[in-house]
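Text of structure-v1.pdb (PDB, C-alpha atoms) as supplied:
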ATOM      1  CA  MET A  15      -9.339 -44.192 196.847
ATOM      2  CA  PHE A  16      -9.267 -40.910 198.761
ATOM      3  CA  ASN A  17     -12.980 -41.046 199.608
ATOM      4  CA  ASN A  18     -12.464 -44.510 201.094
ATOM      5  CA  LEU A  19      -9.336 -43.341 202.902
ATOM      6  CA  LYS A  20     -11.260 -40.550 204.608
ATOM      7  CA  GLU A  21     -14.121 -42.806 205.672
ATOM      8  CA  LEU A  22     -11.739 -45.490 206.930
ATOM      9  CA  CYS A  23      -9.595 -43.058 208.922
ATOM     10  CA  LEU A  24     -12.649 -41.659 210.687
ATOM     11  CA  LEU A  25     -13.618 -45.141 211.882
ATOM     12  CA  ASN A  26     -12.230 -46.525 215.138
ATOM     13  CA  GLY A  27     -10.632 -49.958 215.238
ATOM     14  CA  THR A  28      -7.606 -50.933 217.266
ATOM     15  CA  SER A  29      -6.092 -54.408 217.555
ATOM     16  CA  GLY A  30      -8.758 -56.972 218.368
ATOM     17  CA  ASN A  31     -11.495 -54.367 217.860
ATOM     18  CA  GLU A  32     -11.543 -54.025 214.060
ATOM     19  CA  LYS A  33     -15.270 -54.768 213.603
ATOM     20  CA  ASP A  34     -16.361 -51.379 212.211
ATOM     21  CA  VAL A  35     -13.435 -51.243 209.795
ATOM     22  CA  ARG A  36     -14.085 -54.812 208.675
ATOM     23  CA  GLU A  37     -17.768 -54.118 208.021
ATOM     24  CA  TYR A  38     -16.935 -51.027 205.968
ATOM     25  CA  ILE A  39     -14.441 -52.972 203.845
ATOM     26  CA  ILE A  40     -16.851 -55.859 203.270
ATOM     27  CA  ASN A  41     -19.551 -53.426 202.174
ATOM     28  CA  GLN A  42     -17.129 -51.926 199.652
ATOM     29  CA  ILE A  43     -15.835 -55.194 198.139
ATOM     30  CA  LYS A  44     -18.766 -57.618 198.382
ATOM     31  CA  ASP A  45     -19.949 -56.988 194.798
ATOM     32  CA  TYR A  46     -16.452 -57.259 193.320
ATOM     33  CA  ALA A  47     -14.844 -60.301 194.928
ATOM     34  CA  GLU A  48     -15.449 -63.501 196.830
ATOM     35  CA  TYR A  49     -14.544 -63.107 200.488
ATOM     36  CA  HIS A  50     -14.635 -64.786 203.868
ATOM     37  CA  VAL A  51     -13.836 -63.824 207.461
ATOM     38  CA  ASP A  52     -11.709 -66.173 209.541
ATOM     39  CA  ALA A  53     -11.950 -66.863 213.277
ATOM     40  CA  LEU A  54      -9.398 -64.167 214.110
ATOM     41  CA  GLY A  55     -11.283 -61.524 212.107
ATOM     42  CA  ASN A  56      -9.172 -61.266 208.944
ATOM     43  CA  VAL A  57     -10.977 -60.631 205.675
ATOM     44  CA  THR A  58      -9.588 -62.652 202.752
ATOM     45  CA  ALA A  59     -10.906 -61.749 199.307
ATOM     46  CA  PHE A  60     -10.307 -63.424 195.946
ATOM     47  CA  LYS A  61     -10.599 -61.297 192.827
ATOM     48  CA  LYS A  62     -10.756 -62.978 189.419
ATOM     49  CA  GLY A  63      -8.504 -61.414 186.795
ATOM     50  CA  LYS A  64      -8.236 -61.829 183.045
ATOM     51  CA  LYS A  65      -5.686 -64.639 183.456
ATOM     52  CA  THR A  66      -4.524 -67.215 185.969
ATOM     53  CA  PRO A  67      -1.041 -66.283 187.279
ATOM     54  CA  GLU A  68       1.900 -68.668 187.423
ATOM     55  CA  ASN A  69       2.440 -67.518 191.015
ATOM     56  CA  LYS A  70      -0.283 -67.133 193.627
ATOM     57  CA  ILE A  71      -0.277 -63.451 194.611
ATOM     58  CA  MET A  72      -1.386 -62.014 197.962
ATOM     59  CA  ILE A  73      -1.755 -58.284 198.674
ATOM     60  CA  ASP A  74      -2.003 -57.368 202.352
ATOM     61  CA  ALA A  75      -2.982 -54.377 204.499
ATOM     62  CA  HIS A  76      -3.855 -54.311 208.188
ATOM     63  CA  MET A  77      -7.085 -52.899 209.577
ATOM     64  CA  ASP A  78      -6.038 -52.005 213.121
ATOM     65  CA  GLU A  79      -4.744 -48.669 214.431
ATOM     66  CA  VAL A  80      -2.859 -47.746 217.585
ATOM     67  CA  ALA A  81      -4.939 -46.655 220.583
ATOM     68  CA  LEU A  82      -5.051 -46.732 224.391
ATOM     69  CA  ILE A  83      -6.722 -49.273 226.664
ATOM     70  CA  VAL A  84      -8.158 -48.582 230.118
ATOM     71  CA  THR A  85      -6.319 -50.433 232.874
ATOM     72  CA  SER A  86      -8.033 -49.011 235.980
ATOM     73  CA  VAL A  87     -10.494 -46.446 237.296
ATOM     74  CA  GLN A  88      -8.932 -44.161 239.913
ATOM     75  CA  SER A  89     -10.683 -42.769 242.990
ATOM     76  CA  ASP A  90     -11.053 -39.325 241.400
ATOM     77  CA  GLY A  91     -12.790 -40.779 238.320
ATOM     78  CA  THR A  92      -9.810 -40.549 235.983
ATOM     79  CA  LEU A  93      -8.548 -43.574 234.054
ATOM     80  CA  THR A  94      -5.111 -45.124 233.837
ATOM     81  CA  VAL A  95      -4.218 -46.431 230.380
ATOM     82  CA  GLU A  96      -1.630 -48.410 228.440
ATOM     83  CA  ALA A  97      -0.811 -48.288 224.736
ATOM     84  CA  VAL A  98      -2.189 -50.753 222.195
ATOM     85  CA  GLY A  99       0.705 -50.665 219.746
ATOM     86  CA  GLY A 100       3.712 -48.378 219.698
ATOM     87  CA  ILE A 101       2.751 -44.930 220.965
ATOM     88  CA  GLU A 102       5.154 -42.376 222.405
ATOM     89  CA  PRO A 103       3.521 -40.966 225.559
ATOM     90  CA  SER A 104       4.613 -37.423 224.682
ATOM     91  CA  VAL A 105       2.381 -37.335 221.580
ATOM     92  CA  VAL A 106      -0.828 -37.967 223.545
ATOM     93  CA  ILE A 107      -0.533 -35.468 226.407
ATOM     94  CA  GLY A 108      -3.343 -32.930 226.213
ATOM     95  CA  ARG A 109      -5.004 -34.685 223.274
ATOM     96  CA  HIS A 110      -8.744 -34.972 222.799
ATOM     97  CA  VAL A 111      -9.852 -38.617 222.941
ATOM     98  CA  THR A 112     -13.043 -40.662 222.949
ATOM     99  CA  VAL A 113     -13.615 -43.217 225.708
ATOM    100  CA  GLY A 114     -15.388 -46.579 225.595
ATOM    101  CA  SER A 115     -18.206 -47.857 223.408
ATOM    102  CA  GLN A 116     -20.200 -44.646 223.938
ATOM    103  CA  ALA A 117     -17.290 -42.576 222.553
ATOM    104  CA  LEU A 118     -17.413 -40.248 225.557
ATOM    105  CA  PRO A 119     -15.226 -37.158 225.096
ATOM    106  CA  GLY A 120     -12.121 -36.888 227.240
ATOM    107  CA  VAL A 121      -8.588 -35.540 227.394
ATOM    108  CA  VAL A 122      -5.229 -37.090 228.245
ATOM    109  CA  GLY A 123      -3.722 -35.467 231.317
ATOM    110  CA  SER A 124      -0.359 -35.612 233.038
ATOM    111  CA  LEU A 125       1.140 -34.478 236.315
ATOM    112  CA  ALA A 126       1.139 -30.666 236.576
ATOM    113  CA  VAL A 127       4.503 -29.144 235.714
ATOM    114  CA  HIS A 128       4.912 -27.521 239.141
ATOM    115  CA  ARG A 129       4.733 -30.982 240.720
ATOM    116  CA  LEU A 130       7.494 -32.441 238.541
ATOM    117  CA  SER A 131      10.980 -32.771 239.962
ATOM    118  CA  LYS A 132      13.909 -31.431 237.952
ATOM    119  CA  ASN A 133      14.791 -35.004 237.026
ATOM    120  CA  GLN A 134      11.226 -35.735 235.858
ATOM    121  CA  ARG A 135      11.145 -32.614 233.688
ATOM    122  CA  GLU A 136      14.242 -33.791 231.821
ATOM    123  CA  LYS A 137      12.865 -37.268 231.100
ATOM    124  CA  THR A 138      10.392 -38.452 228.477
ATOM    125  CA  PRO A 139       7.082 -39.186 230.241
ATOM    126  CA  GLU A 140       5.961 -42.786 230.675
ATOM    127  CA  MET A 141       2.468 -43.993 229.815
ATOM    128  CA  SER A 142       1.986 -45.021 233.450
ATOM    129  CA  SER A 143       2.255 -41.358 234.472
ATOM    130  CA  LEU A 144      -0.649 -40.274 232.225
ATOM    131  CA  TYR A 145      -4.386 -40.521 232.774
ATOM    132  CA  VAL A 146      -7.622 -39.879 230.907
ATOM    133  CA  ASP A 147     -10.094 -37.365 232.302
ATOM    134  CA  PHE A 148     -13.605 -37.754 230.874
ATOM    135  CA  GLY A 149     -15.404 -35.599 233.418
ATOM    136  CA  ALA A 150     -16.444 -38.182 236.016
ATOM    137  CA  LYS A 151     -16.696 -36.803 239.544
ATOM    138  CA  ASP A 152     -15.321 -39.941 241.232
ATOM    139  CA  ALA A 153     -14.727 -43.679 240.702
ATOM    140  CA  GLU A 154     -18.357 -44.612 241.358
ATOM    141  CA  ASP A 155     -19.515 -42.170 238.690
ATOM    142  CA  ALA A 156     -16.828 -43.273 236.214
ATOM    143  CA  GLU A 157     -17.651 -46.965 236.625
ATOM    144  CA  LYS A 158     -21.189 -46.336 235.357
ATOM    145  CA  TYR A 159     -19.678 -45.734 231.905
ATOM    146  CA  VAL A 160     -16.193 -47.241 231.716
ATOM    147  CA  SER A 161     -14.376 -50.370 232.873
ATOM    148  CA  PRO A 162     -10.896 -51.837 232.385
ATOM    149  CA  GLY A 163     -10.455 -53.160 228.852
ATOM    150  CA  ASN A 164     -12.414 -50.323 227.244
ATOM    151  CA  ILE A 165     -10.629 -48.596 224.377
ATOM    152  CA  VAL A 166      -9.613 -44.930 224.214
ATOM    153  CA  TYR A 167      -9.207 -43.552 220.678
ATOM    154  CA  PHE A 168      -7.617 -40.397 219.354
ATOM    155  CA  SER A 169     -10.248 -37.881 218.270
ATOM    156  CA  SER A 170      -8.872 -36.435 215.045
ATOM    157  CA  GLU A 171     -10.334 -34.747 211.981
ATOM    158  CA  TYR A 172      -9.403 -35.767 208.441
ATOM    159  CA  ILE A 173      -8.063 -32.598 206.837
ATOM    160  CA  GLU A 174      -6.532 -31.836 203.432
ATOM    161  CA  PHE A 175      -4.130 -28.913 203.670
ATOM    162  CA  GLY A 176      -1.101 -27.243 202.093
ATOM    163  CA  ASN A 177       0.288 -28.736 198.909
ATOM    164  CA  ASP A 178      -1.622 -32.034 198.543
ATOM    165  CA  MET A 179      -1.203 -32.970 202.215
ATOM    166  CA  ILE A 180      -3.591 -35.050 204.325
ATOM    167  CA  LYS A 181      -3.733 -35.096 208.135
ATOM    168  CA  SER A 182      -5.603 -37.760 210.104
ATOM    169  CA  LYS A 183      -5.312 -40.490 212.699
ATOM    170  CA  ALA A 184      -5.026 -44.109 211.548
ATOM    171  CA  ILE A 185      -3.463 -43.502 208.118
ATOM    172  CA  ASP A 186      -1.349 -46.479 209.229
ATOM    173  CA  ASP A 187      -2.832 -48.595 207.762
ATOM    174  CA  ARG A 188      -6.204 -47.392 206.540
ATOM    175  CA  PHE A 189      -4.278 -46.147 203.519
ATOM    176  CA  GLY A 190      -3.327 -49.729 202.695
ATOM    177  CA  CYS A 191      -6.945 -50.820 203.112
ATOM    178  CA  ALA A 192      -8.141 -48.032 200.790
ATOM    179  CA  LEU A 193      -5.570 -49.042 198.172
ATOM    180  CA  LEU A 194      -6.652 -52.690 198.306
ATOM    181  CA  ILE A 195     -10.307 -51.690 197.920
ATOM    182  CA  GLU A 196      -9.343 -49.639 194.861
ATOM    183  CA  LEU A 197      -7.576 -52.629 193.308
ATOM    184  CA  ILE A 198     -10.455 -54.995 194.022
ATOM    185  CA  LYS A 199     -12.856 -52.616 192.291
ATOM    186  CA  SER A 200     -10.599 -52.359 189.239
ATOM    187  CA  GLU A 201     -10.051 -54.769 186.360
ATOM    188  CA  LEU A 202      -7.091 -57.011 187.145
ATOM    189  CA  GLU A 203      -4.744 -58.673 184.682
ATOM    190  CA  TYR A 204      -4.298 -61.712 186.959
ATOM    191  CA  ASP A 205      -6.237 -63.438 189.743
ATOM    192  CA  ALA A 206      -5.180 -62.211 193.175
ATOM    193  CA  TYR A 207      -5.878 -62.674 196.865
ATOM    194  CA  PHE A 208      -6.335 -59.669 199.134
ATOM    195  CA  THR A 209      -6.016 -59.875 202.914
ATOM    196  CA  PHE A 210      -7.272 -57.220 205.312
ATOM    197  CA  THR A 211      -5.643 -58.355 208.522
ATOM    198  CA  VAL A 212      -6.059 -57.788 212.255
ATOM    199  CA  GLN A 213      -3.702 -57.122 215.162
ATOM    200  CA  GLU A 214      -0.635 -55.933 213.232
ATOM    201  CA  GLU A 215       0.146 -53.280 215.811
ATOM    202  CA  ILE A 216       0.615 -55.811 218.608
ATOM    203  CA  GLY A 217       2.670 -58.417 216.790
ATOM    204  CA  LEU A 218       1.671 -59.122 213.160
ATOM    205  CA  ARG A 219      -0.821 -61.704 214.383
ATOM    206  CA  GLY A 220      -3.523 -61.599 211.717
ATOM    207  CA  ALA A 221      -1.002 -61.696 208.886
ATOM    208  CA  LYS A 222       0.467 -64.932 210.221
ATOM    209  CA  THR A 223      -2.950 -66.608 210.080
ATOM    210  CA  ALA A 224      -3.933 -65.114 206.711
ATOM    211  CA  ALA A 225      -0.667 -66.026 204.986
ATOM    212  CA  PHE A 226      -0.893 -69.593 206.292
ATOM    213  CA  ALA A 227      -4.420 -69.891 204.875
ATOM    214  CA  VAL A 228      -3.734 -68.319 201.474
ATOM    215  CA  ASN A 229      -0.307 -69.974 201.095
ATOM    216  CA  PRO A 230       0.891 -67.504 198.435
ATOM    217  CA  ASP A 231       4.047 -67.669 196.353
ATOM    218  CA  ILE A 232       4.533 -63.895 196.389
ATOM    219  CA  ALA A 233       3.130 -61.230 198.732
ATOM    220  CA  ILE A 234       2.996 -57.441 198.642
ATOM    221  CA  ALA A 235       2.424 -55.667 201.963
ATOM    222  CA  VAL A 236       0.960 -52.182 201.616
ATOM    223  CA  GLU A 237       1.764 -49.919 204.556
ATOM    224  CA  ALA A 238       2.657 -46.482 205.867
ATOM    225  CA  THR A 239       6.173 -45.878 207.148
ATOM    226  CA  THR A 240       7.909 -43.218 209.210
ATOM    227  CA  ALA A 241       9.177 -40.117 207.435
ATOM    228  CA  ALA A 242      11.424 -37.847 209.493
ATOM    229  CA  ASP A 243      12.069 -35.320 206.712
ATOM    230  CA  ILE A 244      12.046 -32.269 208.954
ATOM    231  CA  GLU A 245      14.525 -29.523 209.827
ATOM    232  CA  GLY A 246      17.552 -30.756 211.746
ATOM    233  CA  VAL A 247      17.349 -34.356 210.542
ATOM    234  CA  SER A 248      19.870 -35.442 207.930
ATOM    235  CA  GLY A 249      21.165 -38.485 206.080
ATOM    236  CA  SER A 250      19.682 -41.885 206.762
ATOM    237  CA  LYS A 251      17.862 -40.600 209.851
ATOM    238  CA  LYS A 252      15.263 -39.012 207.559
ATOM    239  CA  VAL A 253      14.181 -42.579 206.633
ATOM    240  CA  CYS A 254      12.173 -41.296 203.635
ATOM    241  CA  SER A 255      10.624 -38.041 202.415
ATOM    242  CA  LEU A 256       7.131 -36.860 201.600
ATOM    243  CA  GLY A 257       6.799 -35.998 197.919
ATOM    244  CA  ASP A 258       9.481 -38.454 196.773
ATOM    245  CA  GLY A 259       7.019 -41.234 196.038
ATOM    246  CA  ALA A 260       6.356 -44.790 197.192
ATOM    247  CA  VAL A 261       8.805 -46.338 199.658
ATOM    248  CA  VAL A 262      10.223 -49.755 198.809
ATOM    249  CA  SER A 263      12.413 -51.287 201.512
ATOM    250  CA  TYR A 264      15.381 -53.648 201.164
ATOM    251  CA  MET A 265      15.396 -54.516 204.893
ATOM    252  CA  ASP A 266      13.753 -53.590 208.189
ATOM    253  CA  ARG A 267      13.717 -55.070 211.687
ATOM    254  CA  SER A 268      11.356 -57.897 210.734
ATOM    255  CA  THR A 269      12.174 -58.719 207.101
ATOM    256  CA  MET A 270      14.982 -59.061 204.581
ATOM    257  CA  TYR A 271      12.990 -58.392 201.423
ATOM    258  CA  ASP A 272      13.143 -60.401 198.206
ATOM    259  CA  LYS A 273      15.946 -58.885 196.096
ATOM    260  CA  GLU A 274      14.336 -59.593 192.730
ATOM    261  CA  LEU A 275      11.072 -57.984 193.786
ATOM    262  CA  TYR A 276      12.968 -55.001 195.228
ATOM    263  CA  ASN A 277      14.863 -54.461 191.980
ATOM    264  CA  CYS A 278      11.700 -55.039 189.967
ATOM    265  CA  ALA A 279       9.917 -52.228 191.825
ATOM    266  CA  PHE A 280      12.586 -49.704 190.857
ATOM    267  CA  GLU A 281      12.699 -50.964 187.278
ATOM    268  CA  ILE A 282       8.950 -50.410 187.089
ATOM    269  CA  ALA A 283       9.295 -46.948 188.584
ATOM    270  CA  LYS A 284      11.904 -45.975 185.995
ATOM    271  CA  GLU A 285      10.013 -47.494 183.082
ATOM    272  CA  LYS A 286       6.624 -46.021 184.046
ATOM    273  CA  ASN A 287       7.984 -42.720 185.422
ATOM    274  CA  ILE A 288       6.577 -43.367 188.900
ATOM    275  CA  ARG A 289       8.190 -41.636 191.870
ATOM    276  CA  CYS A 290       9.815 -44.229 194.131
ATOM    277  CA  GLN A 291      12.368 -44.157 196.954
ATOM    278  CA  THR A 292      13.979 -46.587 199.351
ATOM    279  CA  LYS A 293      13.894 -46.575 203.135
ATOM    280  CA  SER A 294      17.270 -45.232 204.215
ATOM    281  CA  LEU A 295      17.170 -46.471 207.829
ATOM    282  CA  ILE A 296      16.884 -50.111 208.853
ATOM    283  CA  ALA A 297      14.107 -49.741 211.398
ATOM    284  CA  GLY A 298      10.532 -50.734 212.159
ATOM    285  CA  GLY A 299       8.631 -53.541 210.492
ATOM    286  CA  ASN A 300       5.236 -54.540 209.146
ATOM    287  CA  ASN A 301       3.165 -57.602 208.261
ATOM    288  CA  SER A 302       5.905 -58.761 205.901
ATOM    289  CA  GLY A 303       7.679 -60.042 209.005
ATOM    290  CA  ALA A 304       4.998 -62.690 209.520
ATOM    291  CA  ILE A 305       4.109 -63.261 205.872
ATOM    292  CA  HIS A 306       7.565 -64.068 204.493
ATOM    293  CA  ILE A 307       8.143 -66.957 206.928
ATOM    294  CA  ALA A 308       4.636 -68.473 206.619
ATOM    295  CA  GLY A 309       4.262 -72.008 205.333
ATOM    296  CA  ASN A 310       7.219 -72.947 203.146
ATOM    297  CA  GLY A 311       8.257 -69.303 202.852
ATOM    298  CA  VAL A 312       6.851 -66.435 200.784
ATOM    299  CA  ARG A 313       8.748 -64.058 198.512
ATOM    300  CA  THR A 314       7.723 -60.706 199.954
ATOM    301  CA  ILE A 315       8.003 -56.989 199.234
ATOM    302  CA  ALA A 316       6.541 -53.966 201.036
ATOM    303  CA  VAL A 317       5.308 -50.799 199.341
ATOM    304  CA  SER A 318       4.760 -48.010 201.853
ATOM    305  CA  ALA A 319       3.520 -44.438 201.955
ATOM    306  CA  PRO A 320       5.932 -42.013 203.663
ATOM    307  CA  CYS A 321       4.148 -40.604 206.714
ATOM    308  CA  ARG A 322       5.190 -37.921 209.173
ATOM    309  CA  TYR A 323       4.157 -38.258 212.840
ATOM    310  CA  LEU A 324       3.247 -41.940 212.494
ATOM    311  CA  HIS A 325       1.266 -43.482 215.386
ATOM    312  CA  SER A 326      -0.003 -40.093 216.487
ATOM    313  CA  PRO A 327      -3.377 -38.320 216.243
ATOM    314  CA  SER A 328      -1.966 -36.276 213.342
ATOM    315  CA  CYS A 329      -0.354 -38.534 210.740
ATOM    316  CA  VAL A 330       0.577 -36.525 207.626
ATOM    317  CA  VAL A 331       0.959 -37.890 204.082
ATOM    318  CA  ASN A 332       1.181 -36.485 200.564
ATOM    319  CA  LYS A 333      -1.583 -37.471 198.127
ATOM    320  CA  ASN A 334       0.877 -37.850 195.245
ATOM    321  CA  ASP A 335       2.879 -40.428 197.216
ATOM    322  CA  LEU A 336      -0.296 -42.447 197.769
ATOM    323  CA  ILE A 337      -0.986 -42.433 194.037
ATOM    324  CA  SER A 338       2.606 -43.572 193.387
ATOM    325  CA  CYS A 339       2.051 -46.486 195.782
ATOM    326  CA  LEU A 340      -1.094 -47.516 193.913
ATOM    327  CA  GLU A 341       0.684 -47.384 190.548
ATOM    328  CA  ILE A 342       3.704 -49.356 191.770
ATOM    329  CA  VAL A 343       1.535 -52.063 193.353
ATOM    330  CA  LYS A 344      -0.579 -52.422 190.185
ATOM    331  CA  GLU A 345       2.518 -52.989 188.081
ATOM    332  CA  LEU A 346       4.221 -55.218 190.654
ATOM    333  CA  MET A 347       1.174 -57.499 190.664
ATOM    334  CA  LYS A 348       1.543 -58.033 186.919
ATOM    335  CA  LYS A 349       5.273 -58.740 187.134
ATOM    336  CA  ALA A 350       5.043 -60.945 190.213
ATOM    337  CA  ALA A 351       2.407 -63.122 188.562
ATOM    338  CA  VAL A 352       4.965 -64.500 186.086
ATOM    339  CA  LEU A 353       8.331 -64.116 187.883
TER
END
Produce C-alpha cells that represent the structure in this file.
Amino acid sequence: MFNNLKELCLLNGTSGNEKDVREYIINQIKDYAEYHVDALGNVTAFKKGKKTPENKIMIDAHMDEVALIVTSVQSDGTLTVEAVGGIEPSVVIGRHVTVGSQALPGVVGSLAVHRLSKNQREKTPEMSSLYVDFGAKDAEDAEKYVSPGNIVYFSSEYIEFGNDMIKSKAIDDRFGCALLIELIKSELEYDAYFTFTVQEEIGLRGAKTAAFAVNPDIAIAVEATTAADIEGVSGSKKVCSLGDGAVVSYMDRSTMYDKELYNCAFEIAKEKNIRCQTKSLIAGGNNSGAIHIAGNGVRTIAVSAPCRYLHSPSCVVNKNDLISCLEIVKELMKKAAVL
C-alpha cells in the first residue's frame, strides 16, 4: 500500500485532470478486477469475492487533488491564479510549483511586505492578491508556454520522517486510492464494487455519478481528514489526532452517517484491537455527501486518515493510522455485506 501511496502522491491530477492518476490505478488493478471508465472519468471496478453479499457494497476514494488554475497572463509575464478546491492562500505563498503541461518550475509570489498597508498586513491574504512567477520576461514570452486554464501544481517530495510519519502533497485522497488498490489485490470474502472518482474537491461530482451507476445498498468512503492536534489547540477543535487510529465520523457538513455502521466500526475496533477514533468537530465533508442521497438512498460510512496540514503542499500522516484504516475497512466490508 505504501509503495502505491508514494507513486500516487507524486502524480499530478486535480479536478477534471485526473488522467495520469486514473491510468496508474487501471494499470494496478486490471489483472485483479473487471473495470470500466465512465464519461466523467470515474473508474468503477468489480472484484469477485468468495461469496455473494446480501447487500451490494461500494468502496469509494477520489482521485483528484487541490491545485491552482491560471486565470490570466499579466504584462510582466506573471500569472494570476484561482484555487481548484479549498486552499488557504497563506499556505501557498513562496511555494515551489510546476506550471502547465510542461511542468515548468515556478514560485508563488505576493505583494512585497513594504508595499502592504497596516490593514493589509493584519488580514489573511486573498488568492486574487497572489501570482505565479515562472521566469517569463513579459506577457508575450509567457504566452508561448502558458494560457488561462492551465493547471499549477504544488511541487512536493514524498518523505518519511520522524516516528512513522509521511509528508507529501495529495495524500487527500491518494491514500484512499492506495487503500482501494490494496483491497482489490487481496482475497475478498464478498463481492464488492470499488469506485475511484473524479472532481470531489469541487463538489463531489464524480461520486454522484458513480453511486447512481453502481446503486449500492451500503457504501464506505475512504478519505483523509483534518487533524489539528498541535500546541494551543484543545477540545473538539483538534478534530482528531495522529497516532490514535482511523477516524470514523458520526456527522459532518455533508452527511449524517448511518448509526449502525458507525457503531459497527467501533465494535470491530474493540474486538480486533484496532486503533479508532471519532471526529470531534462537525466540519468538512467528503464523497459521502453525494453517495448517501444517490438513487433511493445509500447507507454510508466514512473511514478517514487523520492528516495535518490538509490541502497544502505538506500533508502529514502517520503510517500506523493508515494501516488502522485498512484493517477497519476490511472488517467493515464483511459486516456490511450481511447487515
Selected by the PyMOL selection byres ((chain A and resi 83) around 8) in the shown coordinates: which residues, as a VMD selection string? chain A and resid 81 to 82 84 to 85 95 to 98 162 to 166
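From atom CA of A:Gln213 back to atom CA of A:Ser143, the distance works out to 25.6 Å.
Between A:Glu281 and the residues A:Lys61, A:Lys33, A:Lys349, A:His306, the shortest atom-to-atom distance, using only C-alpha atoms, involves A:Lys349.
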Find the residue from A:Val236, A:Val146, A:Val113, A:Leu118 that sits nearest to A:Asp90; use only C-alpha atoms when measuring. A:Val146
Which residues of stretch 179-227 of chain A come within 10 Å of stretch 333-348 of chain A, and for each one, what is the closest pair of atoms and their distance in Å to one decimal, counting all atoms listed in the file, sorted by chain and residue number, as a tab-separated table?
residue	atom	partner	partner_atom	distance
A:Met179	CA	A:Lys333	CA	6.1
A:Ile180	CA	A:Lys333	CA	7.0
A:Phe189	CA	A:Leu336	CA	7.9
A:Gly190	CA	A:Leu336	CA	9.3
A:Ala192	CA	A:Leu340	CA	9.9
A:Leu193	CA	A:Leu340	CA	6.4
A:Leu194	CA	A:Leu340	CA	8.8
A:Glu196	CA	A:Leu340	CA	8.6
A:Leu197	CA	A:Lys344	CA	7.7
A:Leu202	CA	A:Lys344	CA	8.5
A:Glu203	CA	A:Lys348	CA	6.7
A:Tyr204	CA	A:Lys348	CA	6.9
A:Asp205	CA	A:Met347	CA	9.5
A:Ala206	CA	A:Met347	CA	8.3
Return as a short mmCIF file (atom, residue, chain, number, x, y, z; two decimals) with C-alpha atoms, in the coordinates of the input the set of residues that the PyMOL selection byres ((chain A and resi 17-22) around 9) yields on the displayed structure.
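The resulting result-v2.cif:
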data_model
loop_
_atom_site.label_atom_id
_atom_site.label_comp_id
_atom_site.auth_asym_id
_atom_site.auth_seq_id
_atom_site.Cartn_x
_atom_site.Cartn_y
_atom_site.Cartn_z
CA MET A 15 -9.34 -44.19 196.85
CA PHE A 16 -9.27 -40.91 198.76
CA CYS A 23 -9.60 -43.06 208.92
CA LEU A 24 -12.65 -41.66 210.69
CA LEU A 25 -13.62 -45.14 211.88
CA ASN A 26 -12.23 -46.52 215.14
CA VAL A 35 -13.44 -51.24 209.80
CA TYR A 38 -16.93 -51.03 205.97
CA ILE A 39 -14.44 -52.97 203.84
CA GLN A 42 -17.13 -51.93 199.65
CA TYR A 172 -9.40 -35.77 208.44
CA ILE A 173 -8.06 -32.60 206.84
CA SER A 182 -5.60 -37.76 210.10
CA ALA A 184 -5.03 -44.11 211.55
CA ILE A 185 -3.46 -43.50 208.12
CA ARG A 188 -6.20 -47.39 206.54
CA PHE A 189 -4.28 -46.15 203.52
CA GLY A 190 -3.33 -49.73 202.70
CA CYS A 191 -6.94 -50.82 203.11
CA ALA A 192 -8.14 -48.03 200.79
CA LEU A 193 -5.57 -49.04 198.17
CA ILE A 195 -10.31 -51.69 197.92
CA GLU A 196 -9.34 -49.64 194.86
#
Expanded to explicit residues, what is the PyMOL selection byres ((chain A and resi 270) around 10) for this file, as an MDAnalysis selection string? chainID A and resid 263:269 271:273 302:303 306 314:315
Mind dumping the selected residues with C-alpha atoms as a tab-separated table (two decimals), in the coordinates of the input?
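selection-v4.tsv, freshly written:
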chain	number	residue	atom	x	y	z
A	263	SER	CA	12.41	-51.29	201.51
A	264	TYR	CA	15.38	-53.65	201.16
A	265	MET	CA	15.40	-54.52	204.89
A	266	ASP	CA	13.75	-53.59	208.19
A	267	ARG	CA	13.72	-55.07	211.69
A	268	SER	CA	11.36	-57.90	210.73
A	269	THR	CA	12.17	-58.72	207.10
A	271	TYR	CA	12.99	-58.39	201.42
A	272	ASP	CA	13.14	-60.40	198.21
A	273	LYS	CA	15.95	-58.88	196.10
A	302	SER	CA	5.90	-58.76	205.90
A	303	GLY	CA	7.68	-60.04	209.00
A	306	HIS	CA	7.56	-64.07	204.49
A	314	THR	CA	7.72	-60.71	199.95
A	315	ILE	CA	8.00	-56.99	199.23
Counting only C-alpha atoms, figure out which residue out of A:Glu274, A:Glu245, A:Glu157, A:Glu79 gets nearest to A:Pro327. A:Glu79
Considering only C-alpha atoms, state which residue in the set A:Pro230, A:Gly176, A:Gly91, A:Gly217 is at the smallest distance from A:Glu68. A:Pro230
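If all atoms listed in the file are the atoms counted, then among A:Ala350, A:Met72, A:Ala279, A:Ala156 the closest residue to A:Ala227 is A:Met72.
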Report as an NGL selection string all protein, DNA and RNA residues lying within 9 Å of A:Glu201, evaluated on all atoms listed in the file, omitting residues in the same chain fewer than 5 positions from it. :A and (62-64)
Given all atoms listed in the file as the counted atoms, nearest of A:Cys254, A:Ile305, A:Ala233, A:Ala225 to A:Asn69: A:Ala233
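Coordinates place atom CA of A:Thr292 at a distance of 9.4 Å from atom CA of A:Gly259.
Residue neighbourhood of A:Val105, excluding near-sequence residues (fewer than 5 positions): Tyr323, His325, Ser326 and Pro327 of chain A, at 9 Å, using all atoms listed in the file.
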Where is the centre and how long are the edges: axis-aligned box on stretch 214-224 of chain A, 5 Å on each side, Å to one decimal, as AutoDock Vina command-line options:
--center_x -0.6 --center_y -59.9 --center_z 212.7 --size_x 16.6 --size_y 23.3 --size_z 21.9
Can you tell me which residues surround A:Asn332 at a distance of at most 8 Å, considering all atoms listed in the file, apart from same-chain residues fewer than 5 positions away, and format the answer as JSON, numbers by chain? {"A": [177, 178, 179, 180, 256, 257, 320, 321]}
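The spacing separating atom CA of A:Val331 from atom CA of A:Met77 amounts to 17.9 Å.
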